[in-house]
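K.L.:
Data: protein.txt, compact mmCIF, C-alpha atoms.
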# COMPACT_ATOMS: atom_id res chain seq x y z
CA MET G 1 38.29 127.24 -67.11
CA ALA G 2 36.13 128.34 -70.03
CA SER G 3 33.29 130.72 -69.19
CA LYS G 4 29.71 129.65 -69.80
CA ILE G 5 28.25 133.11 -69.31
CA ILE G 6 29.47 136.43 -70.68
CA THR G 7 27.92 139.61 -69.30
CA ILE G 8 28.25 142.82 -71.29
CA ALA G 9 27.74 146.22 -69.71
CA ARG G 10 28.03 148.98 -72.29
CA GLN G 11 28.09 152.71 -72.84
CA TYR G 12 25.28 153.84 -75.16
CA GLY G 13 26.46 153.75 -78.78
CA SER G 14 29.54 151.62 -78.10
CA GLY G 15 28.08 148.68 -80.06
CA GLY G 16 27.54 146.43 -77.02
CA ARG G 17 24.25 144.92 -78.17
CA GLU G 18 25.52 144.09 -81.68
CA ILE G 19 28.78 142.71 -80.34
CA GLY G 20 26.90 140.58 -77.80
CA HIS G 21 24.68 139.22 -80.55
CA ILE G 22 27.61 138.26 -82.82
CA LEU G 23 29.46 136.76 -79.84
CA ALA G 24 26.47 134.59 -78.90
CA GLU G 25 26.16 133.35 -82.48
CA GLN G 26 29.88 132.57 -82.70
CA CYS G 27 29.85 130.68 -79.39
CA GLY G 28 26.53 128.89 -79.93
CA PHE G 29 25.21 130.68 -76.82
CA GLU G 30 21.76 132.10 -76.08
CA PHE G 31 21.50 135.88 -76.35
CA TYR G 32 19.69 137.93 -73.71
CA ASP G 33 19.04 141.65 -73.93
CA ASN G 34 15.58 143.23 -73.91
CA ASN G 35 14.04 139.80 -74.56
CA LEU G 36 14.45 139.45 -70.77
CA ILE G 37 11.45 141.80 -70.49
CA THR G 38 9.14 139.33 -72.26
CA LEU G 39 10.41 136.52 -70.02
CA SER G 40 9.90 138.72 -66.95
CA ALA G 41 6.39 139.68 -68.04
CA GLN G 42 5.47 136.00 -68.27
CA LYS G 43 7.02 135.36 -64.86
CA ILE G 44 5.21 138.10 -62.93
CA GLY G 45 2.03 138.27 -65.01
CA LEU G 46 2.40 141.88 -66.08
CA ASP G 47 2.04 143.45 -69.52
CA ALA G 48 5.36 143.46 -71.41
CA GLY G 49 4.65 146.97 -72.72
CA ARG G 50 4.36 148.34 -69.19
CA LEU G 51 7.59 146.60 -68.20
CA THR G 52 9.43 148.06 -71.21
CA GLU G 53 8.85 151.54 -69.79
CA ALA G 54 10.56 150.47 -66.57
CA ASP G 55 13.44 148.60 -68.22
CA GLU G 56 16.86 149.63 -66.86
CA LYS G 57 15.29 152.52 -64.97
CA ILE G 58 15.06 153.24 -61.27
CA PRO G 59 11.70 153.98 -59.59
CA ASN G 60 10.56 157.59 -59.92
CA SER G 61 9.29 158.17 -56.42
CA ILE G 62 11.80 159.74 -54.06
CA LEU G 63 9.40 158.99 -51.19
CA TYR G 64 9.55 155.32 -52.07
CA THR G 65 13.34 155.39 -52.09
CA LEU G 66 13.42 157.13 -48.71
CA ALA G 67 10.88 154.70 -47.30
CA ILE G 68 12.71 151.50 -48.13
CA GLY G 69 16.27 152.80 -47.79
CA SER G 70 18.90 150.74 -49.59
CA SER G 71 17.12 148.80 -52.34
CA MET G 72 19.37 145.78 -52.63
CA TYR G 73 18.27 142.78 -54.66
CA SER G 74 18.29 140.39 -51.68
CA GLY G 75 15.89 142.54 -49.69
CA MET G 76 13.31 142.84 -52.42
CA HIS G 77 11.81 139.43 -52.85
CA ASN G 78 9.23 139.64 -50.06
CA HIS G 79 8.39 143.30 -50.21
CA ASN G 80 4.64 143.84 -50.42
CA PHE G 81 4.76 147.31 -51.90
CA GLN G 82 7.00 147.28 -54.94
CA PRO G 83 7.19 149.70 -57.88
CA VAL G 84 7.12 147.94 -61.25
CA ASN G 85 10.82 148.79 -61.68
CA ASP G 86 11.72 146.72 -58.62
CA LYS G 87 9.45 143.88 -59.69
CA LEU G 88 11.14 143.88 -63.08
CA PHE G 89 14.62 143.96 -61.55
CA VAL G 90 13.84 141.03 -59.25
CA ALA G 91 12.22 139.01 -62.05
CA GLN G 92 15.10 139.70 -64.46
CA SER G 93 17.65 138.82 -61.78
CA ASP G 94 15.86 135.55 -60.99
CA ILE G 95 15.77 134.70 -64.69
CA ILE G 96 19.48 135.56 -65.06
CA GLU G 97 20.28 133.20 -62.17
CA GLU G 98 18.20 130.45 -63.78
CA ILE G 99 20.02 131.00 -67.09
CA ALA G 100 23.38 130.67 -65.32
CA LYS G 101 22.25 127.41 -63.67
CA GLY G 102 21.18 125.99 -67.02
CA GLU G 103 23.26 123.88 -69.36
CA LYS G 104 23.46 126.30 -72.26
CA GLY G 105 25.96 129.15 -72.48
CA ALA G 106 24.65 132.72 -72.62
CA VAL G 107 25.60 136.29 -73.45
CA ILE G 108 23.64 138.74 -71.28
CA VAL G 109 23.65 142.46 -72.12
CA GLY G 110 23.01 144.99 -69.33
CA ARG G 111 20.50 144.34 -66.49
CA CYS G 112 23.28 144.34 -63.82
CA ALA G 113 24.02 140.72 -64.82
CA ASP G 114 27.66 141.02 -63.66
CA TYR G 115 26.37 141.88 -60.17
CA VAL G 116 23.59 139.27 -60.11
CA LEU G 117 26.11 136.54 -61.04
CA GLU G 118 28.93 137.88 -58.84
CA GLY G 119 31.20 135.20 -57.41
CA ARG G 120 30.50 132.60 -60.11
CA GLU G 121 33.71 131.34 -61.68
CA ASP G 122 32.12 130.51 -65.02
CA VAL G 123 31.21 134.12 -65.75
CA THR G 124 33.31 136.64 -67.74
CA ARG G 125 32.25 140.22 -67.08
CA ILE G 126 32.90 142.82 -69.82
CA PHE G 127 32.44 146.61 -69.94
CA LEU G 128 32.45 148.15 -73.44
CA TYR G 129 33.14 151.84 -73.93
CA ALA G 130 34.00 154.19 -76.80
CA ASP G 131 34.87 157.80 -77.57
CA PHE G 132 31.97 160.14 -76.77
CA ASP G 133 31.87 161.90 -80.17
CA ARG G 134 31.99 158.58 -82.01
CA ARG G 135 29.08 157.30 -79.93
CA VAL G 136 27.07 160.44 -80.68
CA ALA G 137 27.75 159.96 -84.41
CA GLU G 138 26.73 156.29 -84.19
CA ILE G 139 23.45 157.10 -82.41
CA ALA G 140 22.69 159.88 -84.92
CA ARG G 141 23.27 157.37 -87.75
CA ARG G 142 21.32 154.58 -86.06
CA HIS G 143 18.20 156.67 -85.38
CA ASN G 144 18.59 159.01 -88.37
CA ILE G 145 18.65 162.12 -86.16
CA LYS G 146 20.87 165.22 -85.97
CA LEU G 147 24.14 165.15 -84.00
CA SER G 148 22.72 167.95 -81.82
CA ASP G 149 19.80 165.66 -80.91
CA ALA G 150 21.94 162.56 -80.49
CA LYS G 151 24.30 164.22 -78.00
CA PRO G 152 21.80 164.75 -75.14
CA LEU G 153 20.33 161.30 -75.85
CA VAL G 154 23.75 159.68 -75.29
CA VAL G 155 24.36 161.68 -72.11
CA LYS G 156 20.89 160.88 -70.76
CA THR G 157 21.00 157.15 -71.61
CA ASP G 158 24.43 156.67 -70.00
CA LYS G 159 23.22 158.52 -66.93
CA ARG G 160 20.10 156.36 -66.73
CA ARG G 161 22.16 153.16 -67.05
CA ALA G 162 24.59 154.35 -64.38
CA ASN G 163 21.75 155.33 -62.02
CA TYR G 164 20.06 151.97 -62.54
CA TYR G 165 23.24 150.00 -61.87
CA ASN G 166 24.30 152.09 -58.89
CA TYR G 167 20.81 152.02 -57.33
CA TYR G 168 20.26 148.27 -57.53
CA THR G 169 23.81 147.05 -56.87
CA GLY G 170 25.25 149.63 -54.46
CA LYS G 171 28.30 149.65 -56.77
CA LYS G 172 29.46 152.06 -59.45
CA TRP G 173 28.73 151.46 -63.12
CA GLY G 174 31.90 151.33 -65.22
CA LYS G 175 34.22 150.96 -62.21
CA LEU G 176 36.95 148.47 -63.09
CA GLU G 177 36.61 146.23 -60.03
CA ASN G 178 33.16 145.12 -61.28
CA TYR G 179 34.54 143.69 -64.53
CA ASP G 180 37.16 141.26 -65.84
CA MET G 181 37.90 143.52 -68.78
CA ALA G 182 36.94 146.96 -70.07
CA LEU G 183 37.41 147.35 -73.79
CA CYS G 184 37.28 150.39 -76.07
CA THR G 185 35.42 149.55 -79.29
CA ASP G 186 36.70 152.59 -81.25
CA ASN G 187 39.36 151.11 -83.49
CA HIS G 188 38.14 147.55 -83.91
CA THR G 189 35.47 145.69 -85.84
CA HIS G 190 32.77 143.89 -83.86
CA GLU G 191 34.37 140.59 -84.91
CA GLU G 192 37.77 141.68 -83.52
CA ILE G 193 36.14 142.65 -80.21
CA CYS G 194 34.45 139.22 -80.12
CA SER G 195 37.83 137.52 -80.70
CA ILE G 196 39.38 139.36 -77.75
CA ILE G 197 36.46 138.50 -75.45
CA LYS G 198 36.65 134.83 -76.47
CA VAL G 199 40.36 134.64 -75.65
CA LEU G 200 39.66 136.16 -72.22
CA ALA G 201 36.72 133.81 -71.64
CA GLY G 202 38.76 130.76 -72.72
CA ILE G 203 36.27 129.94 -75.48
CA MET X 1 46.88 148.21 -88.31
CA ALA X 2 49.29 146.38 -86.02
CA SER X 3 50.64 148.40 -83.10
CA LYS X 4 54.37 149.05 -82.84
CA ILE X 5 54.22 150.35 -79.29
CA ILE X 6 52.36 148.91 -76.30
CA THR X 7 52.14 151.04 -73.17
CA ILE X 8 51.28 149.35 -69.88
CA ALA X 9 49.99 151.30 -66.90
CA ARG X 10 49.55 149.04 -63.89
CA GLN X 11 48.28 148.83 -60.34
CA TYR X 12 51.07 147.80 -57.94
CA GLY X 13 51.18 144.02 -57.63
CA SER X 14 49.06 143.32 -60.72
CA GLY X 15 52.03 141.81 -62.57
CA GLY X 16 52.39 144.62 -65.11
CA ARG X 17 56.17 144.61 -65.23
CA GLU X 18 56.47 140.82 -65.69
CA ILE X 19 53.66 140.76 -68.26
CA GLY X 20 55.32 143.62 -70.18
CA HIS X 21 58.61 141.73 -70.16
CA ILE X 22 57.10 138.50 -71.50
CA LEU X 23 55.11 140.45 -74.10
CA ALA X 24 58.23 142.23 -75.36
CA GLU X 25 60.07 138.91 -75.67
CA GLN X 26 57.17 137.28 -77.51
CA CYS X 27 56.85 140.20 -79.95
CA GLY X 28 60.59 140.75 -80.46
CA PHE X 29 60.12 144.27 -79.02
CA GLU X 30 62.40 146.34 -76.79
CA PHE X 31 61.32 146.50 -73.13
CA TYR X 32 61.36 149.79 -71.22
CA ASP X 33 60.63 150.13 -67.53
CA ASN X 34 63.07 151.58 -64.99
CA ASN X 35 65.87 151.24 -67.56
CA LEU X 36 64.47 154.57 -68.79
CA ILE X 37 66.15 156.11 -65.73
CA THR X 38 69.64 155.10 -66.93
CA LEU X 39 68.85 156.46 -70.41
CA SER X 40 67.54 159.70 -68.86
CA ALA X 41 70.62 160.05 -66.64
CA GLN X 42 72.83 159.87 -69.72
CA LYS X 43 70.64 162.41 -71.50
CA ILE X 44 70.62 165.08 -68.80
CA GLY X 45 73.99 164.34 -67.21
CA LEU X 46 72.67 163.52 -63.75
CA ASP X 47 73.49 160.60 -61.46
CA ALA X 48 71.16 157.63 -62.11
CA GLY X 49 70.93 156.98 -58.36
CA ARG X 50 69.57 160.46 -57.71
CA LEU X 51 67.07 160.06 -60.54
CA THR X 52 65.85 156.73 -59.15
CA GLU X 53 64.63 158.55 -56.04
CA ALA X 54 62.55 160.84 -58.25
CA ASP X 55 61.20 158.10 -60.53
CA GLU X 56 57.41 158.20 -60.94
CA LYS X 57 57.14 160.77 -58.16
CA ILE X 58 55.94 164.35 -58.20
CA PRO X 59 58.10 167.20 -56.79
CA ASN X 60 57.87 167.62 -53.02
CA SER X 61 57.66 171.37 -52.82
CA ILE X 62 54.14 172.75 -52.64
CA LEU X 63 55.59 176.22 -53.17
CA TYR X 64 57.10 175.06 -56.44
CA THR X 65 53.77 173.64 -57.53
CA LEU X 66 51.97 176.86 -56.66
CA ALA X 67 54.63 178.92 -58.43
CA ILE X 68 54.46 177.19 -61.78
CA GLY X 69 50.77 176.28 -61.75
CA SER X 70 49.79 173.48 -64.11
CA SER X 71 52.93 171.43 -64.80
CA MET X 72 52.18 170.13 -68.26
CA TYR X 73 54.88 168.40 -70.25
CA SER X 74 54.81 170.92 -73.10
CA GLY X 75 55.51 173.86 -70.79
CA MET X 76 58.52 172.30 -69.11
CA HIS X 77 61.24 172.17 -71.70
CA ASN X 78 62.56 175.72 -71.27
CA HIS X 79 61.98 176.15 -67.56
CA ASN X 80 65.10 177.42 -65.84
CA PHE X 81 64.17 176.30 -62.35
CA GLN X 82 63.22 172.65 -62.48
CA PRO X 83 63.08 170.05 -59.70
CA VAL X 84 64.84 166.80 -60.60
CA ASN X 85 61.41 165.12 -60.91
CA ASP X 86 60.43 167.46 -63.74
CA LYS X 87 63.80 167.05 -65.45
CA LEU X 88 63.37 163.28 -65.27
CA PHE X 89 59.81 163.44 -66.59
CA VAL X 90 60.85 165.61 -69.53
CA ALA X 91 63.88 163.42 -70.31
CA GLN X 92 61.85 160.20 -70.09
CA SER X 93 59.10 161.68 -72.25
CA ASP X 94 61.62 162.78 -74.90
CA ILE X 95 63.17 159.30 -74.89
CA ILE X 96 59.71 157.68 -75.16
CA GLU X 97 58.97 159.88 -78.21
CA GLU X 98 62.31 158.90 -79.76
CA ILE X 99 61.54 155.21 -79.14
CA ALA X 100 58.17 155.62 -80.88
CA LYS X 101 59.82 157.27 -83.88
CA GLY X 102 62.34 154.42 -84.17
CA GLU X 103 62.00 151.33 -86.29
CA LYS X 104 61.85 148.75 -83.49
CA GLY X 105 58.69 147.89 -81.60
CA ALA X 106 58.57 148.54 -77.84
CA VAL X 107 56.68 147.74 -74.65
CA ILE X 108 56.83 150.68 -72.22
CA VAL X 109 55.72 150.22 -68.61
CA GLY X 110 54.49 153.26 -66.64
CA ARG X 111 56.03 156.76 -67.07
CA CYS X 112 52.77 158.21 -68.48
CA ALA X 113 53.76 156.70 -71.86
CA ASP X 114 50.10 156.49 -72.96
CA TYR X 115 49.83 160.26 -72.50
CA VAL X 116 53.21 161.10 -74.05
CA LEU X 117 52.29 159.09 -77.17
CA GLU X 118 48.64 160.23 -77.29
CA GLY X 119 47.17 160.47 -80.79
CA ARG X 120 49.60 158.01 -82.41
CA GLU X 121 47.71 155.29 -84.26
CA ASP X 122 50.45 152.69 -83.82
CA VAL X 123 50.15 152.63 -80.02
CA THR X 124 48.01 150.26 -77.93
CA ARG X 125 47.41 151.58 -74.41
CA ILE X 126 46.74 149.03 -71.64
CA PHE X 127 45.80 149.40 -67.96
CA LEU X 128 46.32 146.29 -65.81
CA TYR X 129 44.51 145.89 -62.48
CA ALA X 130 43.80 143.13 -59.97
CA ASP X 131 41.95 142.40 -56.76
CA PHE X 132 43.39 144.41 -53.84
CA ASP X 133 43.88 141.44 -51.48
CA ARG X 134 45.57 139.41 -54.21
CA ARG X 135 47.94 142.29 -54.92
CA VAL X 136 48.79 142.60 -51.22
CA ALA X 137 49.54 138.85 -51.11
CA GLU X 138 51.69 139.13 -54.24
CA ILE X 139 53.74 142.04 -52.83
CA ALA X 140 54.18 140.22 -49.49
CA ARG X 141 55.46 137.17 -51.40
CA ARG X 142 57.65 139.22 -53.74
CA HIS X 143 59.40 141.16 -50.97
CA ASN X 144 59.15 138.47 -48.29
CA ILE X 145 57.27 140.75 -45.91
CA LYS X 146 54.14 140.38 -43.76
CA LEU X 147 50.68 141.00 -45.24
CA SER X 148 50.22 143.78 -42.69
CA ASP X 149 53.34 145.49 -44.06
CA ALA X 150 52.47 144.83 -47.71
CA LYS X 151 49.00 146.41 -47.41
CA PRO X 152 50.11 150.03 -46.74
CA LEU X 153 52.89 149.60 -49.33
CA VAL X 154 50.31 148.73 -52.02
CA VAL X 155 48.05 151.64 -51.03
CA LYS X 156 50.97 154.08 -50.97
CA THR X 157 52.49 152.94 -54.27
CA ASP X 158 49.18 153.14 -56.14
CA LYS X 159 48.59 156.60 -54.67
CA ARG X 160 52.07 157.72 -55.73
CA ARG X 161 51.54 156.40 -59.28
CA ALA X 162 48.13 158.10 -59.51
CA ASN X 163 49.54 161.41 -58.20
CA TYR X 164 52.42 161.23 -60.66
CA TYR X 165 50.13 160.54 -63.63
CA ASN X 166 47.51 163.10 -62.65
CA TYR X 167 50.12 165.80 -61.95
CA TYR X 168 52.04 165.48 -65.21
CA THR X 169 49.17 164.70 -67.59
CA GLY X 170 46.22 166.63 -66.16
CA LYS X 171 44.22 163.40 -66.60
CA LYS X 172 43.16 160.70 -64.18
CA TRP X 173 45.18 157.50 -63.75
CA GLY X 174 43.09 154.40 -64.41
CA LYS X 175 40.26 156.31 -66.09
CA LEU X 176 39.04 154.28 -69.07
CA GLU X 177 39.20 157.03 -71.69
CA ASN X 178 43.01 157.04 -71.39
CA TYR X 179 43.34 153.40 -72.47
CA ASP X 180 42.33 151.03 -75.25
CA MET X 181 41.78 148.22 -72.76
CA ALA X 182 41.76 147.67 -69.00
CA LEU X 183 42.37 144.09 -68.01
CA CYS X 184 42.08 142.29 -64.68
CA THR X 185 45.03 139.91 -64.21
CA ASP X 186 43.40 137.89 -61.39
CA ASN X 187 42.31 134.72 -63.12
CA HIS X 188 44.81 134.45 -65.94
CA THR X 189 48.43 133.49 -66.43
CA HIS X 190 50.83 136.15 -67.67
CA GLU X 191 50.96 134.31 -70.99
CA GLU X 192 47.17 134.44 -71.34
CA ILE X 193 47.20 138.20 -70.63
CA CYS X 194 49.90 138.60 -73.31
CA SER X 195 47.74 136.67 -75.82
CA ILE X 196 44.80 139.00 -75.20
CA ILE X 197 46.95 142.12 -75.57
CA LYS X 198 48.44 140.79 -78.82
CA VAL X 199 45.00 140.17 -80.33
CA LEU X 200 43.99 143.75 -79.42
CA ALA X 201 47.25 145.14 -80.83
CA GLY X 202 46.92 143.13 -84.04
CA ILE X 203 50.26 141.41 -83.45
Is it possible to express this structure as structure tokens?
P.N.:
Amino acid sequence: MASKIITIARQYGSGGREIGHILAEQCGFEFYDNNLITLSAQKIGLDAGRLTEADEKIPNSILYTLAIGSSMYSGMHNHNFQPVNDKLFVAQSDIIEEIAKGEKGAVIVGRCADYVLEGREDVTRIFLYADFDRRVAEIARRHNIKLSDAKPLVVKTDKRRANYYNYYTGKKWGKLENYDMALCTDNHTHEEICSIIKVLAGI
Amino acid sequence: MASKIITIARQYGSGGREIGHILAEQCGFEFYDNNLITLSAQKIGLDAGRLTEADEKIPNSILYTLAIGSSMYSGMHNHNFQPVNDKLFVAQSDIIEEIAKGEKGAVIVGRCADYVLEGREDVTRIFLYADFDRRVAEIARRHNIKLSDAKPLVVKTDKRRANYYNYYTGKKWGKLENYDMALCTDNHTHEEICSIIKVLAGI
């Protein structure tokens, strides 16, 4: 059965966003990444700028975390006191579910989409990774910064993504059981990576 | 660049051996799995039956382990006192290196081949995994045993493979950085898995 949805989790600097974009174009699918923030802002009536600050981040307050205990998606919908991070996660998750119910195919980057759509047979779940030094070099090139500045940025961004995923899903970011395939982008062009994903997804 | 060697590490019951066999046939490559034991027996002049007992296992003696410290491949060649496990590992590793230097392509299953051939550009390194319950069902079917007997067998075999890999390589079995791709075999035929590996390997 061909997949209608492809979710891409990705290490920072592995090329996940670009690969997802090319893949969506090749498949005639919609592409969702940080444009989910704009959609979420419309949904919950908050400023998109404020939501951007909370994107793929966990709430800051330790007291809040202690107060509500395990912050699973299913328990969040009717919570009266919610940090903006939780509101954004719930809104994005609802939108991701709506996308999956729709007729059009989609590539969704990040936002725990593999977890939100868990159990659906028409979803192919990918994790993209790459050599640490190569990712540092890529981020330095992309943002025109020194390698010594790019290195902590890569470490910090990966940590933030892992924390976000682990906090909201109760699972572990990058652990194989959460994905259908994990693919190293080091020695392949974006187009080659897309070809491999399409074979796996039956597209 | 097309790969000449494909190494397959595999969770027990994920179909790695069968997939490797089909892949080798499709590519016109040699297939190496436990036939490496016979080749090793010839090389070191030991009985193949005795070597089979030591295959993909670490030495039993804790004292031995403490005495020699870190048992890395490179430090083993001139060791006078060697358990049969170490002798087998060294012999298999030497044979794997000879295979890689040869003209014919090869698929090599297990035996830390990804580590032994680390740094070679003509090698594609695969890790195959699958859902635990599916693997238990597959092993029960394969050996005509009860699910309740297959379950501890799967746990024990995976643990043995991980110990073997971690002990001889100093790395962690199943950790993404050791492989070019990790692929879940759950929802695909062996032939589909082979197609995906061939695209990755440029074959």
K.L.:
Residues at most 7 Å from range 79-95 of chain X, counting all atoms listed in the file, excluding those fewer than 2 positions away in the same chain, as JSON, numbers by chain?
P.N.:
{"X": [36, 40, 43, 51, 54, 57, 58, 59, 73, 76, 77, 97, 98, 99, 116]}
K.L.:
Emit the selected residues as a CSV table (one decimal), in the frame of the given file, including C-alpha atoms.
P.N.:
chain,number,residue,atom,x,y,z
X,36,LEU,CA,64.5,154.6,-68.8
X,40,SER,CA,67.5,159.7,-68.9
X,43,LYS,CA,70.6,162.4,-71.5
X,51,LEU,CA,67.1,160.1,-60.5
X,54,ALA,CA,62.6,160.8,-58.2
X,57,LYS,CA,57.1,160.8,-58.2
X,58,ILE,CA,55.9,164.4,-58.2
X,59,PRO,CA,58.1,167.2,-56.8
X,73,TYR,CA,54.9,168.4,-70.2
X,76,MET,CA,58.5,172.3,-69.1
X,77,HIS,CA,61.2,172.2,-71.7
X,97,GLU,CA,59.0,159.9,-78.2
X,98,GLU,CA,62.3,158.9,-79.8
X,99,ILE,CA,61.5,155.2,-79.1
X,116,VAL,CA,53.2,161.1,-74.0
K.L.:
May I ask for the distance between CA of Leu153 in chain X and CA of Phe31 in chain X, given in Å to one decimal place?
P.N.:
25.4 Å
K.L.:
Nearest residue to Met181 in chain X out of X:Lys151, X:Ile6, X:Arg135, X:Ile145, using all atoms listed in the file?
P.N.:
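Ranked by minimum distance to Met181 in chain X, first place goes to X:Ile6.
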K.L.:
Within 12 Å of chain X, which residues of chain G are there when counting all atoms listed in the file? Please give them as a ChimeraX atom specification.
P.N.:
/G:1-3,11,121-132,174-189,191-202
K.L.:
What separation in Å, quoted to one decimal, exists between CA of Ala113 in chain X and CA of Val136 in chain X?
P.N.:
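Going from CA of Ala113 in chain X over to CA of Val136 in chain X covers 25.5 Å.
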K.L.:
Residues within 12 Å of Glu18 in chain X, please, as an MDAnalysis selection string. Count only C-alpha atoms; anything in the same chain fewer than 3 positions from it doesn't count.
P.N.:
chainID X and resid 8 10 12:15 21:25 31:33 107:109 128 185 189:191 193:194
K.L.:
Please report the interatomic distance between CA of Gly49 in chain X and CA of Cys112 in chain X in Å with one decimal.
P.N.:
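Separation of CA of Gly49 in chain X and CA of Cys112 in chain X: 20.8 Å.
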K.L.:
Using only C-alpha atoms, which residue out of X:Leu39, X:Asn34, X:Ala150, X:Ile5 lies closest to Glu53 in chain X?
P.N.:
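Smallest distance to Glu53 in chain X is found for X:Asn34.
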K.L.:
Using all atoms listed in the file, which residue out of X:Trp173, X:Lys4, X:Arg160, X:Asp47 lies closest to Lys104 in chain X?
P.N.:
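When distances to Lys104 in chain X are compared using all atoms listed in the file, the smallest one comes from X:Lys4.
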K.L.:
Select, from G:Ala9, G:Val155, G:Ala100, G:Ala140, the residue with the minimum atom-to-atom distance to Asp114 in chain G, counting only C-alpha atoms.
P.N.:
G:Ala9
K.L.:
In terms of the shortest atom-to-atom distance over only C-alpha atoms, which of X:Cys27, X:Arg141, X:Gly110, X:Ser148 is closest to Glu56 in chain X?
P.N.:
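Smallest separation from Glu56 in chain X among the options: X:Gly110.
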K.L.:
Using the partial input, fill out range 187-192 of chain X with all heavy atoms; write the result as a compact mmCIF listing (two decimals), keeping the file's coordinate frame.
P.N.:
# COMPACT_ATOMS: atom_id res chain seq x y z
N ASN X 187 42.59 136.13 -62.82
CA ASN X 187 42.31 134.72 -63.12
C ASN X 187 43.01 134.19 -64.36
O ASN X 187 42.55 133.25 -64.99
CB ASN X 187 40.79 134.53 -63.25
CG ASN X 187 40.08 134.94 -61.98
OD1 ASN X 187 40.49 134.56 -60.88
ND2 ASN X 187 39.04 135.76 -62.11
N HIS X 188 44.12 134.84 -64.71
CA HIS X 188 44.81 134.45 -65.94
C HIS X 188 46.32 134.40 -65.71
O HIS X 188 46.86 135.16 -64.92
CB HIS X 188 44.48 135.43 -67.06
CG HIS X 188 43.03 135.43 -67.42
ND1 HIS X 188 42.48 134.50 -68.27
CD2 HIS X 188 42.01 136.22 -67.00
CE1 HIS X 188 41.18 134.73 -68.37
NE2 HIS X 188 40.87 135.76 -67.61
N THR X 189 46.97 133.51 -66.47
CA THR X 189 48.43 133.49 -66.43
C THR X 189 48.96 134.71 -67.18
O THR X 189 48.24 135.33 -67.98
CB THR X 189 48.97 132.22 -67.13
OG1 THR X 189 48.62 132.29 -68.52
CG2 THR X 189 48.38 130.95 -66.52
N HIS X 190 50.22 135.03 -66.94
CA HIS X 190 50.83 136.15 -67.67
C HIS X 190 50.78 135.90 -69.17
O HIS X 190 50.57 136.82 -69.96
CB HIS X 190 52.30 136.31 -67.22
CG HIS X 190 52.43 136.85 -65.82
ND1 HIS X 190 51.36 137.25 -65.07
CD2 HIS X 190 53.54 137.05 -65.05
CE1 HIS X 190 51.78 137.68 -63.89
NE2 HIS X 190 53.09 137.57 -63.86
N GLU X 191 50.96 134.65 -69.56
CA GLU X 191 50.96 134.31 -70.99
C GLU X 191 49.57 134.55 -71.60
O GLU X 191 49.46 135.00 -72.74
CB GLU X 191 51.40 132.85 -71.21
CG GLU X 191 52.90 132.61 -71.03
CD GLU X 191 53.37 132.68 -69.57
OE1 GLU X 191 52.50 132.59 -68.66
OE2 GLU X 191 54.58 132.81 -69.33
N GLU X 192 48.53 134.21 -70.84
CA GLU X 192 47.17 134.44 -71.34
C GLU X 192 46.91 135.95 -71.51
O GLU X 192 46.31 136.38 -72.50
CB GLU X 192 46.13 133.84 -70.38
CG GLU X 192 46.06 132.31 -70.46
CD GLU X 192 45.25 131.67 -69.33
OE1 GLU X 192 44.95 132.35 -68.32
OE2 GLU X 192 44.95 130.46 -69.46
